[in-house]
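Engineer: This is upload-v1.pdb, which holds PDB, C-alpha atoms:
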```pdb
ATOM      1  CA  MET B  28      15.068 -10.942  22.494
ATOM      2  CA  THR B  29      14.704 -11.413  18.762
ATOM      3  CA  THR B  30      13.168 -14.304  16.875
ATOM      4  CA  ASN B  31      12.599 -15.230  13.265
ATOM      5  CA  ALA B  32       9.037 -15.805  12.214
ATOM      6  CA  PRO B  33       8.084 -19.106  10.597
ATOM      7  CA  SER B  34       7.586 -17.312   7.302
ATOM      8  CA  ASP B  35      10.720 -17.191   5.189
ATOM      9  CA  ARG B  36       9.885 -13.603   4.250
ATOM     10  CA  ASP B  37       9.592 -12.157   7.756
ATOM     11  CA  LEU B  38      12.024 -10.807  10.319
ATOM     12  CA  VAL B  39      10.636 -10.093  13.774
ATOM     13  CA  LEU B  40      11.767  -8.259  16.856
ATOM     14  CA  THR B  41       9.619  -8.322  19.964
ATOM     15  CA  ARG B  42      10.030  -6.842  23.460
ATOM     16  CA  LEU B  43       7.970  -6.456  26.586
ATOM     17  CA  ILE B  44       8.451  -2.795  27.509
ATOM     18  CA  ASP B  45       7.592  -1.474  30.963
ATOM     19  CA  ALA B  46       5.553   1.478  29.730
ATOM     20  CA  PRO B  47       1.961   1.762  28.464
ATOM     21  CA  PRO B  48       1.226   1.338  24.721
ATOM     22  CA  GLU B  49       0.235   5.013  24.418
ATOM     23  CA  LYS B  50       3.753   6.009  25.339
ATOM     24  CA  VAL B  51       5.538   3.589  23.037
ATOM     25  CA  TYR B  52       3.195   4.549  20.194
ATOM     26  CA  ARG B  53       3.929   8.222  20.844
ATOM     27  CA  ALA B  54       7.657   7.556  20.577
ATOM     28  CA  TRP B  55       6.950   6.264  17.058
ATOM     29  CA  THR B  56       4.632   9.086  15.976
ATOM     30  CA  ASP B  57       5.980  12.270  17.611
ATOM     31  CA  PRO B  58       8.979  13.421  15.529
ATOM     32  CA  ALA B  59      10.726  15.053  18.538
ATOM     33  CA  LEU B  60      10.583  11.746  20.410
ATOM     34  CA  LEU B  61      11.377   9.513  17.438
ATOM     35  CA  LYS B  62      14.571  11.466  16.754
ATOM     36  CA  GLN B  63      15.819  10.515  20.226
ATOM     37  CA  TRP B  64      15.834   6.757  19.647
ATOM     38  CA  PHE B  65      15.267   5.820  15.987
ATOM     39  CA  ALA B  66      18.846   5.580  14.709
ATOM     40  CA  PRO B  67      21.243   3.050  16.234
ATOM     41  CA  LEU B  68      24.051   5.135  17.756
ATOM     42  CA  PRO B  69      26.535   6.361  16.540
ATOM     43  CA  TYR B  70      24.023   7.035  13.749
ATOM     44  CA  THR B  71      21.587   9.841  14.465
ATOM     45  CA  THR B  72      18.227  10.962  13.113
ATOM     46  CA  SER B  73      18.768  14.325  11.470
ATOM     47  CA  SER B  74      15.130  14.893  10.560
ATOM     48  CA  ALA B  75      11.712  13.283  10.881
ATOM     49  CA  GLU B  76       8.471  14.376   9.234
ATOM     50  CA  LEU B  77       5.615  12.091  10.160
ATOM     51  CA  ASP B  78       2.203  12.584   8.572
ATOM     52  CA  VAL B  79       0.569   9.865  10.649
ATOM     53  CA  ARG B  80      -2.571   8.866   8.732
ATOM     54  CA  PRO B  81      -3.278   6.239   6.086
ATOM     55  CA  GLY B  82      -1.627   7.546   2.923
ATOM     56  CA  GLY B  83       0.452  10.091   4.863
ATOM     57  CA  THR B  84       4.216  10.008   4.430
ATOM     58  CA  SER B  85       6.856   8.996   6.946
ATOM     59  CA  LEU B  86      10.083  10.768   5.964
ATOM     60  CA  ILE B  87      12.982   9.958   8.271
ATOM     61  CA  THR B  88      16.595  10.856   7.581
ATOM     62  CA  MET B  89      19.408   9.069   9.386
ATOM     63  CA  ARG B  90      22.893  10.554   9.518
ATOM     64  CA  SER B  91      26.034   8.440   9.597
ATOM     65  CA  PRO B  92      28.968   9.262  11.889
ATOM     66  CA  GLU B  93      30.692  10.576   8.744
ATOM     67  CA  GLY B  94      27.824  13.007   8.185
ATOM     68  CA  ASN B  95      26.105  11.263   5.275
ATOM     69  CA  ASP B  96      22.326  11.611   5.235
ATOM     70  CA  MET B  97      20.195   8.595   4.370
ATOM     71  CA  PRO B  98      16.554   9.516   3.783
ATOM     72  CA  ASN B  99      13.861   6.873   4.096
ATOM     73  CA  SER B 100      10.403   7.651   2.877
ATOM     74  CA  GLY B 101       7.148   5.719   2.610
ATOM     75  CA  PRO B 102       3.434   5.997   3.257
ATOM     76  CA  TYR B 103       1.530   4.671   6.236
ATOM     77  CA  LEU B 104      -0.866   1.948   5.094
ATOM     78  CA  GLU B 105      -2.619   1.524   8.437
ATOM     79  CA  VAL B 106      -2.838   3.729  11.501
ATOM     80  CA  VAL B 107      -4.654   2.465  14.606
ATOM     81  CA  PRO B 108      -3.728   4.902  17.378
ATOM     82  CA  ASN B 109      -1.854   3.264  20.266
ATOM     83  CA  GLU B 110      -2.209  -0.182  18.664
ATOM     84  CA  ARG B 111      -0.780  -0.555  15.208
ATOM     85  CA  LEU B 112       1.184   1.111  12.423
ATOM     86  CA  VAL B 113       1.920  -0.280   8.960
ATOM     87  CA  ILE B 114       4.474   1.427   6.711
ATOM     88  CA  THR B 115       5.709   0.336   3.293
ATOM     89  CA  ASP B 116       8.747   1.188   1.173
ATOM     90  CA  ALA B 117       6.987   0.063  -2.024
ATOM     91  CA  TYR B 118       6.019   3.721  -2.448
ATOM     92  CA  VAL B 119       7.990   6.860  -1.604
ATOM     93  CA  SER B 120       4.676   8.591  -0.936
ATOM     94  CA  ALA B 121       1.024   7.909  -1.806
ATOM     95  CA  TRP B 122       1.185   6.471  -4.504
ATOM     96  CA  GLU B 123       4.538   7.062  -6.148
ATOM     97  CA  PRO B 124       6.276   3.729  -6.753
ATOM     98  CA  SER B 125       9.709   3.371  -5.164
ATOM     99  CA  GLU B 126      12.741   2.003  -6.982
ATOM    100  CA  LYS B 127      12.307  -1.365  -5.324
ATOM    101  CA  PRO B 128       9.571  -2.678  -3.038
ATOM    102  CA  PHE B 129      11.670  -4.246  -0.284
ATOM    103  CA  MET B 130       9.560  -4.575   2.842
ATOM    104  CA  THR B 131       6.441  -3.691   4.778
ATOM    105  CA  PHE B 132       6.919  -2.736   8.401
ATOM    106  CA  ILE B 133       4.134  -3.843  10.741
ATOM    107  CA  LEU B 134       4.354  -2.426  14.250
ATOM    108  CA  THR B 135       2.064  -3.574  17.034
ATOM    109  CA  PHE B 136       1.703  -2.156  20.525
ATOM    110  CA  GLU B 137      -0.268  -4.570  22.720
ATOM    111  CA  ASN B 138      -1.306  -3.839  26.268
ATOM    112  CA  GLN B 139      -0.161  -6.580  28.652
ATOM    113  CA  ASP B 140      -1.079  -5.583  32.215
ATOM    114  CA  GLY B 141      -0.055  -1.990  31.662
ATOM    115  CA  LYS B 142       3.146  -2.912  29.862
ATOM    116  CA  THR B 143       3.599  -2.992  26.108
ATOM    117  CA  ARG B 144       4.204  -6.062  24.018
ATOM    118  CA  TYR B 145       6.095  -4.284  21.243
ATOM    119  CA  THR B 146       6.527  -6.182  17.991
ATOM    120  CA  ALA B 147       8.291  -4.932  14.884
ATOM    121  CA  LEU B 148       7.722  -7.229  11.922
ATOM    122  CA  ALA B 149       9.579  -6.642   8.665
ATOM    123  CA  ARG B 150       7.823  -8.529   5.869
ATOM    124  CA  HIS B 151       9.835  -8.731   2.661
ATOM    125  CA  TRP B 152       8.723  -9.300  -0.905
ATOM    126  CA  THR B 153      11.223 -12.116  -1.350
ATOM    127  CA  ALA B 154      13.109 -14.577   0.833
ATOM    128  CA  ALA B 155      16.328 -13.239  -0.726
ATOM    129  CA  ASP B 156      15.496  -9.733   0.505
ATOM    130  CA  ARG B 157      14.732 -11.089   3.953
ATOM    131  CA  GLU B 158      18.122 -12.801   4.001
ATOM    132  CA  ALA B 159      19.897  -9.667   2.781
ATOM    133  CA  HIS B 160      18.191  -7.636   5.509
ATOM    134  CA  GLU B 161      19.242 -10.132   8.145
ATOM    135  CA  THR B 162      22.809 -10.060   6.856
ATOM    136  CA  MET B 163      22.738  -6.240   6.888
ATOM    137  CA  GLY B 164      22.166  -6.535  10.634
ATOM    138  CA  PHE B 165      18.424  -6.362  11.223
ATOM    139  CA  HIS B 166      18.576  -8.033  14.629
ATOM    140  CA  THR B 167      21.540  -6.031  15.916
ATOM    141  CA  GLY B 168      20.340  -2.723  14.520
ATOM    142  CA  TRP B 169      16.740  -3.031  15.584
ATOM    143  CA  GLY B 170      17.898  -4.479  18.904
ATOM    144  CA  ILE B 171      19.925  -1.327  19.610
ATOM    145  CA  CYS B 172      16.973   0.817  18.530
ATOM    146  CA  ALA B 173      14.612  -1.142  20.779
ATOM    147  CA  ASP B 174      17.023  -0.607  23.693
ATOM    148  CA  GLN B 175      17.067   3.123  22.967
ATOM    149  CA  LEU B 176      13.285   3.215  22.623
ATOM    150  CA  THR B 177      12.869   1.334  25.901
ATOM    151  CA  ALA B 178      15.258   3.686  27.697
ATOM    152  CA  LEU B 179      13.331   6.698  26.412
ATOM    153  CA  VAL B 180       9.843   5.536  27.341
ATOM    154  CA  THR B 181      10.761   4.092  30.737
ATOM    155  CA  ARG B 182      12.972   6.913  32.020
ATOM    156  CA  SER B 183      10.375   9.664  32.377
ATOM    157  CA  SER B 184       6.641   9.909  33.010
TER     158      SER B 184
ATOM    159  CA  MET R  19     -10.223   8.211 -26.108
ATOM    160  CA  THR R  20      -7.029   6.998 -24.550
ATOM    161  CA  THR R  21      -3.835   8.879 -23.876
ATOM    162  CA  ASN R  22      -0.467   8.123 -22.380
ATOM    163  CA  ALA R  23       0.563  10.182 -19.391
ATOM    164  CA  PRO R  24       3.839  12.097 -19.525
ATOM    165  CA  SER R  25       5.300   9.738 -16.958
ATOM    166  CA  ASP R  26       6.994   6.723 -18.491
ATOM    167  CA  ARG R  27       5.474   4.527 -15.806
ATOM    168  CA  ASP R  28       1.820   5.424 -16.351
ATOM    169  CA  LEU R  29      -0.920   4.265 -18.689
ATOM    170  CA  VAL R  30      -4.133   6.261 -18.667
ATOM    171  CA  LEU R  31      -7.634   5.826 -19.974
ATOM    172  CA  THR R  32     -10.131   8.629 -19.590
ATOM    173  CA  ARG R  33     -13.763   9.056 -20.649
ATOM    174  CA  LEU R  34     -16.557  11.529 -20.104
ATOM    175  CA  ILE R  35     -19.523   9.328 -19.171
ATOM    176  CA  ASP R  36     -23.093  10.616 -19.291
ATOM    177  CA  ALA R  37     -24.036   9.421 -15.810
ATOM    178  CA  PRO R  38     -23.380  10.860 -12.340
ATOM    179  CA  PRO R  39     -20.204   9.856 -10.438
ATOM    180  CA  GLU R  40     -22.285   7.985  -7.843
ATOM    181  CA  LYS R  41     -23.471   5.620 -10.510
ATOM    182  CA  VAL R  42     -20.075   4.991 -12.110
ATOM    183  CA  TYR R  43     -18.535   4.495  -8.651
ATOM    184  CA  ARG R  44     -21.275   2.011  -7.782
ATOM    185  CA  ALA R  45     -20.500   0.015 -10.936
ATOM    186  CA  TRP R  46     -16.957  -0.360  -9.528
ATOM    187  CA  THR R  47     -17.949  -1.229  -5.954
ATOM    188  CA  ASP R  48     -21.140  -3.323  -6.199
ATOM    189  CA  PRO R  49     -20.098  -6.879  -7.172
ATOM    190  CA  ALA R  50     -23.367  -7.585  -9.008
ATOM    191  CA  LEU R  51     -22.814  -4.520 -11.204
ATOM    192  CA  LEU R  52     -19.070  -4.976 -11.654
ATOM    193  CA  LYS R  53     -19.591  -8.494 -12.987
ATOM    194  CA  GLN R  54     -21.679  -7.048 -15.822
ATOM    195  CA  TRP R  55     -18.907  -4.943 -17.351
ATOM    196  CA  PHE R  56     -15.460  -5.682 -15.832
ATOM    197  CA  ALA R  57     -14.152  -8.332 -18.237
ATOM    198  CA  PRO R  58     -13.691  -7.491 -21.916
ATOM    199  CA  LEU R  59     -16.051  -9.830 -23.766
ATOM    200  CA  PRO R  60     -15.746 -12.720 -24.657
ATOM    201  CA  TYR R  61     -14.071 -12.887 -21.236
ATOM    202  CA  THR R  62     -16.486 -12.847 -18.311
ATOM    203  CA  THR R  63     -16.254 -12.115 -14.607
ATOM    204  CA  SER R  64     -17.016 -15.359 -12.802
ATOM    205  CA  SER R  65     -16.828 -13.900  -9.294
ATOM    206  CA  ALA R  66     -16.227 -10.622  -7.496
ATOM    207  CA  GLU R  67     -15.754 -10.092  -3.770
ATOM    208  CA  LEU R  68     -15.193  -6.442  -2.962
ATOM    209  CA  ASP R  69     -14.403  -5.411   0.606
ATOM    210  CA  VAL R  70     -14.429  -1.702  -0.229
ATOM    211  CA  ARG R  71     -12.442  -0.043   2.571
ATOM    212  CA  PRO R  72      -8.772   0.863   2.975
ATOM    213  CA  GLY R  73      -7.026  -2.455   3.589
ATOM    214  CA  GLY R  74     -10.024  -4.465   2.347
ATOM    215  CA  THR R  75      -9.480  -6.929  -0.481
ATOM    216  CA  SER R  76     -10.706  -6.735  -4.046
ATOM    217  CA  LEU R  77     -10.880 -10.300  -5.374
ATOM    218  CA  ILE R  78     -12.067 -10.504  -8.965
ATOM    219  CA  THR R  79     -11.920 -13.616 -11.114
ATOM    220  CA  MET R  80     -12.106 -13.371 -14.886
ATOM    221  CA  ARG R  81     -12.966 -16.406 -17.011
ATOM    222  CA  SER R  82     -11.570 -16.957 -20.475
ATOM    223  CA  PRO R  83     -13.751 -18.224 -23.347
ATOM    224  CA  GLU R  84     -11.994 -21.582 -22.808
ATOM    225  CA  GLY R  85     -13.211 -21.629 -19.190
ATOM    226  CA  ASN R  86      -9.921 -20.803 -17.461
ATOM    227  CA  ASP R  87     -10.286 -18.730 -14.309
ATOM    228  CA  MET R  88      -7.829 -15.896 -13.666
ATOM    229  CA  PRO R  89      -8.127 -14.524 -10.142
ATOM    230  CA  ASN R  90      -6.836 -11.038  -9.365
ATOM    231  CA  SER R  91      -6.516  -9.956  -5.788
ATOM    232  CA  GLY R  92      -5.259  -6.852  -4.029
ATOM    233  CA  PRO R  93      -6.115  -4.429  -1.250
ATOM    234  CA  TYR R  94      -7.729  -1.035  -1.602
ATOM    235  CA  LEU R  95      -5.255   1.650  -0.505
ATOM    236  CA  GLU R  96      -7.697   4.547  -0.681
ATOM    237  CA  VAL R  97     -11.474   4.695  -0.740
ATOM    238  CA  VAL R  98     -13.200   8.058  -1.168
ATOM    239  CA  PRO R  99     -16.856   7.232  -1.905
ATOM    240  CA  ASN R 100     -18.030   8.456  -5.318
ATOM    241  CA  GLU R 101     -14.674  10.125  -5.977
ATOM    242  CA  ARG R 102     -11.660   7.876  -5.873
ATOM    243  CA  LEU R 103     -10.405   4.318  -5.499
ATOM    244  CA  VAL R 104      -6.791   3.148  -5.305
ATOM    245  CA  ILE R 105      -5.965  -0.564  -5.606
ATOM    246  CA  THR R 106      -2.543  -2.215  -5.692
ATOM    247  CA  ASP R 107      -1.268  -5.606  -6.800
ATOM    248  CA  ALA R 108       1.863  -5.299  -4.627
ATOM    249  CA  TYR R 109      -0.110  -7.227  -2.002
ATOM    250  CA  VAL R 110      -2.617 -10.049  -2.439
ATOM    251  CA  SER R 111      -4.353  -8.815   0.693
ATOM    252  CA  ALA R 112      -3.412  -6.524   3.601
ATOM    253  CA  TRP R 113      -0.411  -6.952   3.908
ATOM    254  CA  GLU R 114       0.677 -10.160   2.223
ATOM    255  CA  PRO R 115       3.281  -9.386  -0.452
ATOM    256  CA  SER R 116       2.415 -10.541  -3.958
ATOM    257  CA  GLU R 117       4.825 -12.376  -6.234
ATOM    258  CA  LYS R 118       5.569  -9.196  -8.135
ATOM    259  CA  PRO R 119       4.464  -5.613  -7.529
ATOM    260  CA  PHE R 120       3.365  -4.634 -11.032
ATOM    261  CA  MET R 121       1.021  -1.663 -10.787
ATOM    262  CA  THR R 122      -1.197   0.585  -8.731
ATOM    263  CA  PHE R 123      -4.602   1.369 -10.134
ATOM    264  CA  ILE R 124      -5.888   4.879  -9.427
ATOM    265  CA  LEU R 125      -9.511   5.464 -10.372
ATOM    266  CA  THR R 126     -11.097   8.887 -10.236
ATOM    267  CA  PHE R 127     -14.739   9.831 -10.723
ATOM    268  CA  GLU R 128     -15.057  13.596 -11.183
ATOM    269  CA  ASN R 129     -18.339  15.420 -11.473
ATOM    270  CA  GLN R 130     -18.468  17.564 -14.628
ATOM    271  CA  ASP R 131     -21.921  19.163 -14.878
ATOM    272  CA  GLY R 132     -23.665  15.994 -13.796
ATOM    273  CA  LYS R 133     -21.542  13.768 -16.006
ATOM    274  CA  THR R 134     -18.513  11.787 -14.882
ATOM    275  CA  ARG R 135     -14.936  12.410 -15.922
ATOM    276  CA  TYR R 136     -13.792   8.823 -15.444
ATOM    277  CA  THR R 137     -10.034   8.245 -15.337
ATOM    278  CA  ALA R 138      -8.280   4.921 -14.868
ATOM    279  CA  LEU R 139      -4.568   5.366 -14.298
ATOM    280  CA  ALA R 140      -2.295   2.330 -14.139
ATOM    281  CA  ARG R 141       0.989   3.333 -12.515
ATOM    282  CA  HIS R 142       3.728   0.725 -12.879
ATOM    283  CA  TRP R 143       6.829   0.125 -10.806
ATOM    284  CA  THR R 144       9.030   0.169 -13.873
ATOM    285  CA  ALA R 145       8.936   1.578 -17.397
ATOM    286  CA  ALA R 146       9.472  -1.984 -18.671
ATOM    287  CA  ASP R 147       6.302  -3.137 -16.892
ATOM    288  CA  ARG R 148       4.394  -0.201 -18.317
ATOM    289  CA  GLU R 149       5.554  -1.179 -21.800
ATOM    290  CA  ALA R 150       4.665  -4.833 -21.242
ATOM    291  CA  HIS R 151       1.194  -3.801 -20.091
ATOM    292  CA  GLU R 152       0.706  -1.627 -23.150
ATOM    293  CA  THR R 153       1.840  -4.475 -25.415
ATOM    294  CA  MET R 154      -0.559  -6.831 -23.584
ATOM    295  CA  GLY R 155      -3.330  -4.557 -24.795
ATOM    296  CA  PHE R 156      -4.068  -2.095 -22.018
ATOM    297  CA  HIS R 157      -5.715   0.441 -24.305
ATOM    298  CA  THR R 158      -7.825  -2.054 -26.228
ATOM    299  CA  GLY R 159      -8.815  -4.082 -23.175
ATOM    300  CA  TRP R 160      -9.630  -1.148 -20.924
ATOM    301  CA  GLY R 161     -11.295   0.587 -23.855
ATOM    302  CA  ILE R 162     -13.704  -2.344 -24.289
ATOM    303  CA  CYS R 163     -14.315  -2.379 -20.524
ATOM    304  CA  ALA R 164     -14.975   1.365 -20.502
ATOM    305  CA  ASP R 165     -17.490   0.894 -23.345
ATOM    306  CA  GLN R 166     -19.216  -1.856 -21.370
ATOM    307  CA  LEU R 167     -19.171   0.266 -18.194
ATOM    308  CA  THR R 168     -20.602   3.242 -20.086
ATOM    309  CA  ALA R 169     -23.353   1.107 -21.593
ATOM    310  CA  LEU R 170     -24.301  -0.217 -18.159
ATOM    311  CA  VAL R 171     -24.475   3.108 -16.337
ATOM    312  CA  THR R 172     -26.202   5.030 -19.122
ATOM    313  CA  ARG R 173     -28.837   2.462 -20.072
ATOM    314  CA  SER R 174     -30.951   2.527 -16.905
ATOM    315  CA  SER R 175     -31.783   4.983 -14.147
TER     316      SER R 175
END
```
Step by step, read the file and then write its structure as structure tokens.
Structural biologist:
Amino acid sequence: MTTNAPSDRDLVLTRLIDAPPEKVYRAWTDPALLKQWFAPLPYTTSSAELDVRPGGTSLITMRSPEGNDMPNSGPYLEVVPNERLVITDAYVSAWEPSEKPFMTFILTFENQDGKTRYTALARHWTAADREAHETMGFHTGWGICADQLTALVTRSS
Amino acid sequence: MTTNAPSDRDLVLTRLIDAPPEKVYRAWTDPALLKQWFAPLPYTTSSAELDVRPGGTSLITMRSPEGNDMPNSGPYLEVVPNERLVITDAYVSAWEPSEKPFMTFILTFENQDGKTRYTALARHWTAADREAHETMGFHTGWGICADQLTALVTRSS
């Protein structure tokens, strides 16, 4: 299930995942777990270094089927354990400006009767960037990732 | 004394102020004090609302001699009491994107034998923005403000 937010700058994916928020949050913050679901197959995650604190850097490298590495780096702006993460690509690290501020990623993990209402909101600086991101396949890509994330956190205890 | 940083994206102003860091920091974080020095005269500061915490909003309105109000709003990214403040204009508040990410303002208050090594670093997203800011009068404007700040924190105990 994916929906567009009313805002013309936002793209949103939301799922109800049958696992507690602590577990879904851990899949986002433990590099060994994140590498198992973060890239939409056949892409893989070749490395993940996650300094999970406000101002800490998230450095995740995806690898294409052809073997090309695509690093993505940005600082966490907010860290509320088991509830909320905010990451931006306006900086490559605290506080080195990136080439182009494109989006802020706001992740929320809400407890709903022991399950997790998982919401990934991509908020762009411009409506044009939002549209480009949608055209690039936001819903499909993040949908596959959400499937992989769900499979990971629901298959073991 | 003003100098340009080696980086082509940075503008820097630094002063040694004869007052302790606590006092210079307070002049940046207490709205009643900030209003006394923040705008280069004949501009004034008509209002200041400072929610001094990471993710809190700094909302400062300057008034021109003609009576035009110019609001400036952005979140604090880092708050280290009496040592360091980081503010960005990439967001108007946490985490609403602004029209144009222009700069990040990194303020440091270092203790040097009871005095304060005060450094205001404006780090821009592009070299063109840095140049525009310099042409707009960064050094003159921030120099006047630093004089006013120095006068405020050194005149009373």
Engineer: Please, what distance in Å, to one decimal, runs between atom CA of B:Thr84 and atom CA of B:Gly101?
Structural biologist: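 Here the two named atoms are 5.5 Å from each other.
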Engineer: Which residues, named as in the file, does the PyMOL selection byres ((chain R) within 8 of (chain B)) pick out? Answer as a short mmCIF file (atom, residue, chain, number, x, y, z; two decimals) with C-alpha atoms, in the frame of the given file.
Structural biologist:
```cif
data_model
loop_
_atom_site.label_atom_id
_atom_site.label_comp_id
_atom_site.auth_asym_id
_atom_site.auth_seq_id
_atom_site.Cartn_x
_atom_site.Cartn_y
_atom_site.Cartn_z
CA GLY R 73 -7.03 -2.46 3.59
CA LEU R 95 -5.26 1.65 -0.50
CA GLU R 96 -7.70 4.55 -0.68
CA ALA R 108 1.86 -5.30 -4.63
CA TRP R 113 -0.41 -6.95 3.91
CA PRO R 115 3.28 -9.39 -0.45
CA SER R 116 2.42 -10.54 -3.96
CA GLU R 117 4.82 -12.38 -6.23
CA LYS R 118 5.57 -9.20 -8.14
CA PRO R 119 4.46 -5.61 -7.53
CA THR R 122 -1.20 0.58 -8.73
CA ARG R 141 0.99 3.33 -12.52
CA HIS R 142 3.73 0.72 -12.88
CA TRP R 143 6.83 0.12 -10.81
#
```
Engineer: So how far away is atom CA of R:Pro93 from atom CA of R:Glu152, in Å?
Structural biologist: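 That distance, rounded to one decimal, is 23.1 Å.
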Engineer: Could you check how far atom CA of R:Phe156 sits from atom CA of R:Gly132, in Å to one decimal?
Structural biologist: 27.9 Å
Engineer: Could you tell me which of B:Ile171, B:Arg182, B:Leu43, B:Gly94 comes closest to B:Trp64 if we count all atoms listed in the file?
Structural biologist: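 Ranked by minimum distance to B:Trp64, first place goes to B:Ile171.
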Engineer: Which of these, R:Leu29, R:Cys163, R:Val171, R:Ala45, has the shortest distance to R:Tyr61 once you count all atoms listed in the file?
Structural biologist: R:Cys163
Engineer: Would you translate the PyMOL selection byres ((chain R and resi 52) around 10) into the concrete set of residues it matches in this file, as an MDAnalysis selection string?
Structural biologist: chainID R and resid 43:51 53:57 63 65:68 78 167 170
Engineer: Restrict the selected residues to C-alpha atoms and save them as a short mmCIF file (atom, residue, chain, number, x, y, z; two decimals), in the frame of the given file.
Structural biologist:
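Output file out28.cif is given in full below:
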```cif
data_model
loop_
_atom_site.label_atom_id
_atom_site.label_comp_id
_atom_site.auth_asym_id
_atom_site.auth_seq_id
_atom_site.Cartn_x
_atom_site.Cartn_y
_atom_site.Cartn_z
CA TYR R 43 -18.54 4.50 -8.65
CA ARG R 44 -21.28 2.01 -7.78
CA ALA R 45 -20.50 0.02 -10.94
CA TRP R 46 -16.96 -0.36 -9.53
CA THR R 47 -17.95 -1.23 -5.95
CA ASP R 48 -21.14 -3.32 -6.20
CA PRO R 49 -20.10 -6.88 -7.17
CA ALA R 50 -23.37 -7.58 -9.01
CA LEU R 51 -22.81 -4.52 -11.20
CA LYS R 53 -19.59 -8.49 -12.99
CA GLN R 54 -21.68 -7.05 -15.82
CA TRP R 55 -18.91 -4.94 -17.35
CA PHE R 56 -15.46 -5.68 -15.83
CA ALA R 57 -14.15 -8.33 -18.24
CA THR R 63 -16.25 -12.12 -14.61
CA SER R 65 -16.83 -13.90 -9.29
CA ALA R 66 -16.23 -10.62 -7.50
CA GLU R 67 -15.75 -10.09 -3.77
CA LEU R 68 -15.19 -6.44 -2.96
CA ILE R 78 -12.07 -10.50 -8.96
CA LEU R 167 -19.17 0.27 -18.19
CA LEU R 170 -24.30 -0.22 -18.16
#
```
Engineer: Could you check which of R:Leu125, R:Leu77, R:Ala164, R:Ala146 is closest to R:Asp107, using only C-alpha atoms?
Structural biologist: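 Result for the nearest residue to R:Asp107: R:Leu77.
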Engineer: Name the closest residue to R:Asp87 among the candidates R:His151, R:Lys133, R:Thr62, R:Leu103; distances are taken between atoms, counting all atoms listed in the file.
Structural biologist: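 Between R:His151, R:Lys133, R:Thr62, R:Leu103, the residue approaching R:Asp87 most closely is R:Thr62.
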Engineer: Quick one: residues within 7 Å of B:Asn109, all atoms listed in the file counted, chain neighbours fewer than 3 positions away excluded, as a ChimeraX atom specification?
Structural biologist: /B:48-49,52,136
Engineer: Counting all atoms listed in the file, which residue out of R:Gln166, R:Gly155, R:Ala140, R:Ala150 sits closest to R:Asp28?
Structural biologist: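 For R:Asp28, the nearest of the given residues is R:Ala140.
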Engineer: Would you mind telling me which residue in B:Glu93, B:Ile44, B:Val106, B:Asn99 lies nearest to B:Asp78 when using all atoms listed in the file?
Structural biologist: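 Going through B:Glu93, B:Ile44, B:Val106, B:Asn99 one by one, the smallest distance to B:Asp78 is for B:Val106.
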Engineer: Show me as a PyMOL selection string the residues that reach within 7 Å of (-3.7, 10.1, -16.3), counting all atoms listed in the file and using the file's own coordinates.
Structural biologist: chain R and resi 23+29-31+137+139
